[in-house]
file work.tsv (TSV, C-alpha atoms)
chain	number	residue	atom	x	y	z
X	1	MET	CA	147.72	23.02	-92.20
X	2	LYS	CA	145.35	23.96	-89.44
X	3	ARG	CA	143.31	26.05	-91.88
X	4	LYS	CA	142.86	23.02	-94.18
X	5	VAL	CA	141.67	20.89	-91.30
X	6	ILE	CA	139.20	23.50	-90.14
X	7	ALA	CA	137.85	23.92	-93.65
X	8	ALA	CA	137.40	20.23	-94.07
X	9	VAL	CA	135.48	20.02	-90.81
X	10	LEU	CA	133.20	22.88	-91.82
X	11	ILE	CA	132.48	21.23	-95.16
X	12	ALA	CA	131.59	17.94	-93.44
X	13	VAL	CA	129.27	19.64	-90.99
X	14	GLY	CA	127.53	21.44	-93.85
X	15	LEU	CA	127.01	18.25	-95.77
X	16	LEU	CA	125.51	16.58	-92.72
X	17	ALA	CA	123.15	19.50	-92.20
X	18	CYS	CA	121.98	19.36	-95.79
X	19	ALA	CA	121.39	15.67	-95.52
X	20	GLY	CA	119.22	16.25	-92.43
X	21	CYS	CA	117.19	18.87	-94.27
X	22	LYS	CA	116.43	16.56	-97.19
X	23	LYS	CA	115.34	13.83	-94.84
X	24	THR	CA	112.70	16.02	-93.07
X	25	GLU	CA	111.21	17.22	-96.36
X	26	GLU	CA	110.36	13.70	-97.57
X	27	PRO	CA	106.62	13.04	-97.31
X	28	VAL	CA	105.51	10.58	-94.71
X	29	THR	CA	103.20	7.93	-96.15
X	30	GLN	CA	100.55	6.67	-93.68
X	31	ALA	CA	98.46	3.57	-94.23
X	32	VAL	CA	94.79	4.62	-94.66
X	33	PRO	CA	92.34	1.79	-93.96
X	34	GLU	CA	89.76	1.12	-96.63
X	35	ALA	CA	86.25	2.40	-95.76
X	36	THR	CA	83.92	-0.41	-94.83
X	37	GLU	CA	80.25	0.22	-95.83
X	38	GLN	CA	77.87	-0.74	-93.01
X	39	VAL	CA	74.50	-2.07	-94.12
X	40	VAL	CA	71.77	-1.26	-91.59
X	41	VAL	CA	69.02	-3.87	-91.60
X	42	PRO	CA	65.73	-2.38	-90.39
X	43	GLU	CA	63.91	-4.25	-87.67
X	44	THR	CA	60.78	-5.96	-88.86
X	45	GLU	CA	57.69	-4.88	-86.88
X	46	THR	CA	55.21	-7.66	-86.41
X	47	GLN	CA	51.65	-6.36	-86.62
X	48	VAL	CA	49.50	-8.33	-84.23
X	49	GLU	CA	45.80	-7.90	-84.81
X	50	VAL	CA	43.94	-7.63	-81.53
X	51	VAL	CA	40.67	-9.48	-81.67
X	52	ASP	CA	38.11	-8.67	-79.02
X	53	THR	CA	36.71	-12.01	-77.98
X	54	HIS	CA	34.24	-10.33	-75.58
X	55	GLU	CA	35.31	-12.78	-72.92
X	56	GLY	CA	33.03	-12.45	-69.92
X	57	GLU	CA	30.39	-10.60	-71.96
X	58	VAL	CA	27.07	-11.48	-73.55
X	59	ARG	CA	24.55	-9.65	-75.71
X	60	SER	CA	22.00	-7.58	-73.80
X	61	PHE	CA	18.38	-8.70	-73.98
X	62	TYR	CA	17.36	-5.05	-74.31
X	63	THR	CA	19.92	-3.44	-76.63
X	64	GLY	CA	21.72	-6.31	-78.33
X	65	GLN	CA	25.02	-4.73	-77.27
X	66	TRP	CA	27.82	-6.45	-75.37
X	67	ILE	CA	27.51	-6.22	-71.59
X	68	ASN	CA	29.09	-7.92	-68.61
X	69	GLU	CA	27.65	-11.41	-68.36
X	70	LYS	CA	27.12	-10.92	-64.63
X	71	LYS	CA	24.65	-8.11	-65.41
X	72	ALA	CA	22.78	-9.79	-68.24
X	73	TYR	CA	20.05	-11.18	-66.00
X	74	ASN	CA	19.62	-8.10	-63.83
X	75	ARG	CA	15.97	-7.25	-63.72
X	76	PRO	CA	15.14	-3.81	-65.16
X	77	VAL	CA	12.96	-1.05	-63.76
X	78	ALA	CA	10.41	0.96	-65.74
X	79	VAL	CA	9.99	4.56	-64.60
X	80	MET	CA	7.04	6.76	-65.61
X	81	THR	CA	8.43	10.09	-66.81
X	82	GLU	CA	6.52	13.30	-67.45
X	83	ASN	CA	6.90	14.92	-70.86
X	84	THR	CA	5.57	18.47	-70.73
X	85	HIS	CA	7.57	21.61	-71.39
X	86	VAL	CA	7.63	22.68	-67.74
X	87	THR	CA	9.45	19.48	-66.77
X	88	LEU	CA	12.36	19.85	-69.18
X	89	PRO	CA	14.98	18.63	-68.99
X	90	GLN	CA	14.17	15.16	-67.79
X	91	TYR	CA	16.90	13.35	-65.88
X	92	GLY	CA	18.49	9.98	-66.55
X	93	VAL	CA	16.57	9.24	-69.75
X	94	SER	CA	19.69	8.96	-71.91
X	95	LYS	CA	20.69	5.93	-69.82
X	96	ALA	CA	17.48	4.05	-70.63
X	97	ASP	CA	17.76	0.97	-72.83
X	98	VAL	CA	14.23	1.37	-74.21
X	99	ILE	CA	11.86	4.36	-74.12
X	100	TYR	CA	8.10	4.18	-74.71
X	101	GLU	CA	6.12	7.30	-75.50
X	102	CYS	CA	2.32	7.26	-75.43
X	103	PRO	CA	-0.38	9.92	-75.65
X	104	VAL	CA	-2.42	10.60	-72.52
X	105	GLU	CA	-4.97	13.38	-71.90
X	106	GLY	CA	-5.11	16.75	-73.59
X	107	GLY	CA	-2.70	15.91	-76.40
X	108	ILE	CA	0.31	15.51	-74.10
X	109	THR	CA	2.51	12.43	-74.01
X	110	ARG	CA	4.13	10.55	-71.20
X	111	MET	CA	7.28	8.45	-71.36
X	112	MET	CA	8.27	5.19	-69.72
X	113	ALA	CA	12.03	4.67	-69.50
X	114	ILE	CA	13.30	1.13	-69.03
X	115	TYR	CA	16.68	0.79	-67.29
X	116	GLN	CA	18.58	-2.41	-66.70
X	117	ASN	CA	21.71	-0.75	-65.33
X	118	TYR	CA	20.21	1.86	-63.00
X	119	LYS	CA	22.02	1.66	-59.66
X	120	SER	CA	24.51	4.43	-60.41
X	121	LEU	CA	21.95	6.97	-61.66
X	122	GLU	CA	22.15	10.21	-59.69
X	123	LYS	CA	18.70	11.51	-60.61
X	124	VAL	CA	15.74	9.96	-62.44
X	125	GLY	CA	12.52	11.57	-63.58
X	126	ASN	CA	10.53	13.53	-62.94
X	127	VAL	CA	8.17	10.70	-62.06
X	128	ARG	CA	4.46	10.85	-62.88
X	129	SER	CA	1.34	8.74	-62.73
X	130	CYS	CA	0.43	5.47	-64.39
X	131	ARG	CA	-2.01	4.69	-67.19
X	132	LEU	CA	-3.40	1.20	-67.65
X	133	TYR	CA	-1.70	0.50	-70.98
X	134	TYR	CA	1.72	1.35	-69.55
X	135	VAL	CA	1.34	-1.51	-67.08
X	136	TYR	CA	0.97	-3.96	-69.96
X	137	LEU	CA	4.03	-2.50	-71.67
X	138	ALA	CA	6.21	-2.71	-68.55
X	139	LYS	CA	5.15	-6.32	-68.05
X	140	GLU	CA	6.62	-7.28	-71.42
X	141	PHE	CA	10.11	-6.61	-70.10
X	142	GLU	CA	9.66	-8.25	-66.66
X	143	ALA	CA	10.33	-4.78	-65.26
X	144	ALA	CA	9.45	-3.53	-61.78
X	145	TYR	CA	7.19	-0.55	-62.41
X	146	PHE	CA	7.80	2.81	-60.66
X	147	HIS	CA	5.12	5.52	-60.79
X	148	ALA	CA	3.54	8.33	-58.76
X	149	GLY	CA	-0.17	7.67	-58.58
X	150	GLU	CA	-2.34	6.21	-61.31
X	151	SER	CA	-5.50	6.47	-63.30
X	152	LYS	CA	-8.36	4.81	-61.43
X	153	TYR	CA	-8.67	2.38	-64.32
X	154	ALA	CA	-5.24	0.97	-63.46
X	155	LEU	CA	-5.89	0.48	-59.74
X	156	ASP	CA	-7.17	-3.08	-59.92
X	157	ILE	CA	-4.27	-4.42	-61.93
X	158	LEU	CA	-1.68	-2.53	-59.85
X	159	ASN	CA	-3.18	-3.95	-56.66
X	160	SER	CA	-3.11	-7.47	-58.08
X	161	SER	CA	-0.11	-9.77	-58.44
X	162	TYR	CA	0.18	-8.95	-62.14
X	163	ILE	CA	3.17	-6.62	-61.81
X	164	ASP	CA	5.58	-5.50	-59.07
X	165	ASN	CA	5.20	-1.75	-58.65
X	166	VAL	CA	6.16	1.10	-56.31
X	167	ASP	CA	3.79	4.06	-55.99
X	168	GLY	CA	5.51	7.30	-55.05
X	169	ILE	CA	2.51	9.04	-53.45
X	170	THR	CA	0.70	6.32	-51.52
X	171	GLY	CA	1.80	3.83	-48.90
X	172	LYS	CA	5.42	3.23	-48.07
X	173	GLY	CA	6.55	3.87	-51.64
X	174	GLY	CA	7.02	7.57	-50.99
X	175	ALA	CA	10.23	6.85	-49.11
X	176	PHE	CA	11.93	5.98	-52.38
X	177	TYR	CA	11.29	9.32	-54.10
X	178	TYR	CA	12.09	12.93	-53.26
X	179	ARG	CA	10.92	16.45	-54.18
X	180	ASP	CA	13.22	18.92	-55.90
X	181	ASN	CA	12.19	22.30	-54.46
X	182	SER	CA	13.62	24.16	-57.44
X	183	ARG	CA	10.46	23.14	-59.30
X	184	LYS	CA	6.79	23.29	-58.42
X	185	ALA	CA	4.72	20.21	-57.61
X	186	PRO	CA	3.61	17.96	-59.21
X	187	HIS	CA	6.49	18.41	-61.64
X	188	ASN	CA	9.27	17.88	-59.11
X	189	LEU	CA	9.19	14.25	-57.98
X	190	TYR	CA	12.41	12.31	-58.60
X	191	THR	CA	14.22	9.18	-57.55
X	192	THR	CA	17.79	7.88	-57.77
X	193	GLY	CA	19.44	4.63	-58.70
X	194	GLU	CA	20.21	4.01	-55.04
X	195	LYS	CA	16.57	4.55	-54.07
X	196	LEU	CA	15.36	2.28	-56.87
X	197	ALA	CA	17.66	-0.47	-55.65
X	198	SER	CA	16.55	0.08	-52.04
X	199	ALA	CA	12.90	-0.18	-53.07
X	200	MET	CA	13.54	-3.46	-54.87
X	201	LYS	CA	15.12	-4.84	-51.71
X	202	ASP	CA	12.57	-3.40	-49.29
X	203	TYR	CA	9.60	-4.73	-51.26
X	204	GLY	CA	11.26	-8.11	-51.68
X	205	PHE	CA	11.09	-7.97	-55.48
X	206	ASP	CA	13.16	-10.36	-57.54
X	207	THR	CA	16.25	-8.57	-58.79
X	208	LYS	CA	16.99	-11.15	-61.46
X	209	LEU	CA	15.12	-12.06	-64.62
X	210	SER	CA	13.56	-15.48	-64.82
X	211	GLU	CA	15.92	-18.17	-66.09
X	212	ASP	CA	13.79	-18.76	-69.18
X	213	TYR	CA	13.54	-15.08	-70.07
X	214	GLU	CA	13.71	-14.44	-73.82
X	215	SER	CA	14.85	-11.25	-75.48
X	216	HIS	CA	12.02	-8.87	-76.27
X	217	TYR	CA	13.63	-8.08	-79.62
X	218	GLN	CA	15.68	-9.89	-82.23
X	219	PHE	CA	19.05	-8.23	-82.89
X	220	THR	CA	21.65	-8.43	-85.63
X	221	THR	CA	25.32	-7.59	-85.01
X	222	GLU	CA	27.48	-4.53	-85.62
X	223	GLU	CA	29.40	-6.47	-88.27
X	224	GLU	CA	26.24	-7.32	-90.23
X	225	PRO	CA	23.85	-4.38	-89.73
X	226	ASN	CA	20.27	-4.37	-90.91
X	227	LEU	CA	20.28	-1.73	-93.64
X	228	LEU	CA	16.58	-2.05	-94.55
X	229	GLU	CA	17.63	-1.80	-98.18
X	230	ASP	CA	14.06	-2.27	-99.41
X	231	GLY	CA	12.73	0.49	-97.16
X	232	GLU	CA	11.98	4.11	-97.96
X	233	LYS	CA	14.48	6.78	-96.98
X	234	ALA	CA	13.83	8.20	-93.52
X	235	ALA	CA	15.98	11.24	-92.82
X	236	VAL	CA	13.43	12.82	-90.47
X	237	VAL	CA	10.58	11.20	-88.55
X	238	LYS	CA	7.92	13.61	-87.29
X	239	MET	CA	5.23	12.44	-84.85
X	240	TYR	CA	1.65	13.75	-84.69
X	241	TYR	CA	1.61	14.45	-80.94
X	242	VAL	CA	0.13	17.93	-80.72
X	243	ASP	CA	1.78	19.20	-77.53
X	244	ALA	CA	5.44	18.24	-77.76
X	245	LYS	CA	5.45	18.03	-81.59
X	246	PRO	CA	8.48	15.70	-81.47
X	247	TRP	CA	10.72	14.63	-84.34
X	248	PHE	CA	13.88	12.62	-84.94
X	249	VAL	CA	16.73	13.51	-87.31
X	250	TYR	CA	19.04	10.85	-88.73
X	251	ASN	CA	22.80	11.34	-88.42
X	252	LYS	CA	24.62	9.45	-91.20
X	253	LYS	CA	27.98	9.65	-89.42
X	254	ASN	CA	27.02	7.55	-86.43
X	255	GLY	CA	23.76	6.00	-87.61
X	256	LEU	CA	21.66	7.42	-84.75
X	257	TYR	CA	18.35	9.29	-84.67
X	258	TYR	CA	18.51	12.47	-82.57
X	259	ARG	CA	15.40	13.57	-80.72
X	260	TYR	CA	13.77	17.02	-80.72
X	261	GLU	CA	10.58	18.32	-79.12
X	262	PHE	CA	8.99	21.67	-78.20
X	263	GLY	CA	11.07	23.18	-81.00
X	264	GLU	CA	14.46	22.27	-79.52
X	265	LYS	CA	16.83	19.43	-78.75
X	266	GLN	CA	15.62	17.04	-76.08
X	267	VAL	CA	18.52	16.63	-73.66
X	268	ASP	CA	19.24	14.71	-70.49
X	269	GLY	CA	19.65	17.01	-67.49
X	270	LEU	CA	22.30	14.66	-66.09
X	271	THR	CA	24.62	14.81	-69.08
X	272	GLY	CA	23.46	17.84	-71.07
X	273	LYS	CA	23.56	15.63	-74.16
X	274	GLN	CA	20.81	15.22	-76.72
X	275	LEU	CA	18.83	11.97	-76.65
X	276	ALA	CA	19.64	9.62	-79.52
X	277	VAL	CA	18.57	6.09	-80.42
X	278	LYS	CA	19.43	3.45	-82.99
X	279	ASN	CA	15.94	2.07	-83.63
X	280	ILE	CA	12.46	3.61	-83.78
X	281	ILE	CA	9.30	1.53	-83.74
X	282	ILE	CA	5.96	3.17	-84.44
X	283	GLN	CA	3.19	0.99	-83.04
X	284	ASN	CA	-0.30	1.97	-84.15
X	285	CYS	CA	-3.03	0.97	-81.69
X	286	ASN	CA	-6.80	1.30	-81.53
X	287	SER	CA	-7.94	3.86	-78.98
X	288	SER	CA	-11.09	5.11	-77.28
X	289	LEU	CA	-12.08	7.34	-74.38
X	290	LYS	CA	-12.43	5.76	-70.97
X	291	ASN	CA	-13.96	8.96	-69.69
X	292	PRO	CA	-15.18	11.50	-72.29
X	293	LYS	CA	-15.50	14.19	-69.62
X	294	ASN	CA	-11.80	14.39	-68.81
X	295	GLY	CA	-10.49	12.82	-72.00
X	296	THR	CA	-8.95	9.76	-70.33
X	297	LEU	CA	-7.65	7.55	-73.11
X	298	ASP	CA	-7.79	3.81	-73.40
X	299	ILE	CA	-5.14	2.53	-75.78
X	300	ASP	CA	-5.28	-1.10	-76.87
X	301	VAL	CA	-1.74	-2.48	-76.78
X	302	LEU	CA	-2.90	-6.09	-76.87
X	303	SER	CA	-4.97	-6.67	-80.03
X	304	GLY	CA	-2.38	-6.07	-82.75
X	305	GLY	CA	-2.09	-3.55	-85.55
X	306	THR	CA	0.24	-1.86	-88.02
X	307	GLY	CA	3.27	0.41	-87.72
X	308	LYS	CA	6.73	1.34	-88.94
X	309	PHE	CA	10.24	0.14	-88.20
X	310	ILE	CA	12.96	2.75	-88.73
X	311	THR	CA	16.71	2.29	-88.54
X	312	ASN	CA	19.87	3.26	-90.43
X	313	GLY	CA	18.10	5.99	-92.37
X	314	ARG	CA	15.27	3.84	-93.76
X	315	ALA	CA	11.75	2.76	-92.81
X	316	ILE	CA	9.51	-0.22	-93.57
X	317	ASP	CA	5.89	-1.08	-92.86
X	318	ILE	CA	5.29	-3.61	-90.11
X	319	THR	CA	2.52	-5.37	-88.26
X	320	TRP	CA	2.50	-6.29	-84.59
X	321	LYS	CA	0.85	-9.01	-82.52
X	322	ARG	CA	0.58	-9.90	-78.87
X	323	LYS	CA	-1.06	-13.17	-77.87
X	324	SER	CA	-2.04	-12.22	-74.32
X	325	GLN	CA	-1.30	-9.89	-71.39
X	326	LYS	CA	1.56	-12.13	-70.34
X	327	ASP	CA	3.20	-12.38	-73.76
X	328	ILE	CA	5.64	-10.18	-75.62
X	329	THR	CA	4.72	-7.99	-78.58
X	330	ARG	CA	6.23	-9.28	-81.80
X	331	TYR	CA	6.81	-7.15	-84.89
X	332	TYR	CA	6.75	-8.49	-88.46
X	333	ASP	CA	7.80	-7.21	-91.87
X	334	ALA	CA	5.82	-7.52	-95.12
X	335	LYS	CA	7.07	-11.10	-95.59
X	336	GLY	CA	5.75	-12.12	-92.19
X	337	GLU	CA	9.24	-12.44	-90.74
X	338	GLU	CA	10.08	-10.97	-87.35
X	339	ILE	CA	12.00	-7.72	-87.68
X	340	VAL	CA	15.65	-7.61	-86.66
X	341	LEU	CA	16.86	-4.54	-84.81
X	342	ASN	CA	20.35	-3.09	-84.89
X	343	PRO	CA	22.28	-3.11	-81.61
X	344	GLY	CA	21.51	0.02	-79.62
X	345	LYS	CA	18.73	1.86	-77.86
X	346	THR	CA	15.14	1.70	-79.10
X	347	TRP	CA	12.34	4.28	-78.92
X	348	VAL	CA	8.79	2.95	-79.25
X	349	GLU	CA	6.10	5.44	-80.29
X	350	ILE	CA	2.60	4.27	-79.36
X	351	CYS	CA	0.19	6.01	-81.73
X	352	GLU	CA	-3.55	6.12	-82.02
X	353	SER	CA	-4.41	4.35	-85.28
X	354	SER	CA	-6.94	7.04	-86.15
X	355	LYS	CA	-4.16	9.65	-86.13
X	356	ALA	CA	-1.24	7.62	-87.43
X	357	SER	CA	-1.59	9.09	-90.93
X	358	GLN	CA	-0.52	12.44	-89.44
X	359	ASN	CA	2.97	11.09	-88.77
X	360	VAL	CA	5.37	12.18	-91.51
X	361	ILE	CA	8.57	10.52	-92.73
X	362	TYR	CA	10.77	12.85	-94.78
X	363	HIS	CA	13.19	11.36	-97.29
X	364	THR	CA	15.65	14.22	-96.85
X	365	LYS	CA	16.40	16.80	-94.18
X	366	GLU	CA	15.87	19.50	-96.81
X	367	GLU	CA	12.23	18.45	-97.25
X	368	PHE	CA	11.65	18.84	-93.54
X	369	ASP	CA	13.37	22.24	-93.40
X	370	LYS	CA	11.13	23.79	-96.08
call {"tool": "encode", "arguments": {"input": "work.tsv", "output": "structure tokens"}}
result
Amino acid sequence: MKRKVIAAVLIAVGLLACAGCKKTEEPVTQAVPEATEQVVVPETETQVEVVDTHEGEVRSFYTGQWINEKKAYNRPVAVMTENTHVTLPQYGVSKADVIYECPVEGGITRMMAIYQNYKSLEKVGNVRSCRLYYVYLAKEFEAAYFHAGESKYALDILNSSYIDNVDGITGKGGAFYYRDNSRKAPHNLYTTGEKLASAMKDYGFDTKLSEDYESHYQFTTEEEPNLLEDGEKAAVVKMYYVDAKPWFVYNKKNGLYYRYEFGEKQVDGLTGKQLAVKNIIIQNCNSSLKNPKNGTLDIDVLSGGTGKFITNGRAIDITWKRKSQKDITRYYDAKGEEIVLNPGKTWVEICESSKASQNVIYHTKEEFDK
């Protein structure tokens, strides 16, 4: 009887164990959430066009470029600058708004650099003597004229009230120049922006232009450049001046004419950069000898004549007129309309009419290189 009971118990335990095994082998079903697709909406970037309103700026009387309106009526200075090989490089000339170049004695030229913003210039020059016709040119811009001596033919007008001027080798004017001993005299006289400003104050010169001052030139804008579409191509402009033998080469990338002389680039000693301008005006003038013995020239910058206007790779014929010593030179195209310069620096080449035909304008750089 006991054996039957024990057997029955063992059978029951076995059945329970088997039931437990079956239960653990059944798969467990888990609820898997459905994947939700997320749509990423890109942020919209708003492009805001920045428009330069040139607030607080006006167009310069001398370059046609935007400048601080507080500086627009600052009176410029005109500094006589030597242009012989021994003086190279000149200093400060790349900062000039306008440069005049005229022949003097012996086939050499002399430059007059006109600066409106000059106070920060570290070195300017070298400074050389005046010629009568330069006085008339400086007067056109209401500039105070800085020079070191003068031709005797300019003495009367310099000593008159015609133009404010500071002579670097006579009277008190010498205090506003200095000698650079690394060069030999007379090729070593310089000034600075600080000295120019001090001279203006010490002499009591007006530092502002007259309220009714009118721009010497007419300018277009950068947005509507003067392309001189009817003009001849002018890739290289070569001047007749026999000493420096200067020329300009047009750069299509930036629209500037780069200056060369004495067979090399003409650079500014302050920056080491080559001089470059936007506009070139060739102004042909009648000339004669004041003194045949020493070859002192007299160039007539008052009676009118012919010339060329060169910009943006092209050149046109022009005429020029000046009503009196106190007036401004005006330049006209073939239609009798006043020429319109492009904003930027301008180089004026004063040429003797009798030699103007020796100037050469090359249509391509390749023609010049031959």
call {"tool": "residues_around", "arguments": {"input": "work.tsv", "residues": "Asp369 of chain X", "least_positions_apart": "5", "cutoff": "12 Å", "atoms": "only C-alpha atoms", "output": "ChimeraX atom specification"}}
result
/X:235-236,238,249,362-364
call {"tool": "atom_distance", "arguments": {"input": "work.tsv", "atom1": "atom CA of Thr221 of chain X", "atom2": "atom CA of Ala144 of chain X"}}
result
28.4 Å
call {"tool": "closest_residue", "arguments": {"input": "work.tsv", "among": "X:Arg259, X:Lys308, X:Lys208, X:Lys201", "to": "Ile282 of chain X", "atoms": "only C-alpha atoms"}}
result
X:Lys308
call {"tool": "residues_around", "arguments": {"input": "work.tsv", "residues": "Asn188 of chain X", "least_positions_apart": "3", "cutoff": "9 Å", "atoms": "all atoms listed in the file", "output": "number ranges by chain"}}
result
X: 87, 125-127, 178-185
call {"tool": "residues_around", "arguments": {"input": "work.tsv", "residues": "segment 152-157 of chain X", "least_positions_apart": "4", "cutoff": "7 Å", "atoms": "only C-alpha atoms", "output": "MDAnalysis selection string"}}
result
chainID X and resid 131:132 162
call {"tool": "closest_residue", "arguments": {"input": "work.tsv", "among": "X:Cys102, X:Ala356, X:Cys285, X:Leu228", "to": "Val340 of chain X", "atoms": "only C-alpha atoms"}}
result
X:Leu228
call {"tool": "closest_residue", "arguments": {"input": "work.tsv", "among": "X:Cys130, X:Leu275, X:Val98, X:Ile67", "to": "Met80 of chain X", "atoms": "all atoms listed in the file"}}
result
X:Cys130
call {"tool": "atom_distance", "arguments": {"input": "work.tsv", "atom1": "atom CA of Leu121 of chain X", "atom2": "atom CA of Tyr91 of chain X"}}
result
9.2 Å
call {"tool": "closest_residue", "arguments": {"input": "work.tsv", "among": "X:Gly193, X:Gly92, X:Asp52, X:Thr81", "to": "Met111 of chain X", "atoms": "all atoms listed in the file"}}
result
X:Thr81
call {"tool": "closest_residue", "arguments": {"input": "work.tsv", "among": "X:Ser303, X:Asn226, X:Thr191, X:Ser353", "to": "Ser120 of chain X", "atoms": "all atoms listed in the file"}}
result
X:Thr191
call {"tool": "axis_aligned_box", "arguments": {"input": "work.tsv", "around": "segment 279-294 of chain X", "padding_each_side": "4 Å", "output": "AutoDock Vina command-line options"}}
result
--center_x 0.2 --center_y 7.7 --center_z -76.6 --size_x 39.4 --size_y 21.4 --size_z 23.6
call {"tool": "residues_around", "arguments": {"input": "work.tsv", "residues": "Glu105 of chain X", "least_positions_apart": "5", "cutoff": "10 Å", "atoms": "all atoms listed in the file", "output": "PyMOL selection string"}}
result
chain X and resi 110+289+294-297
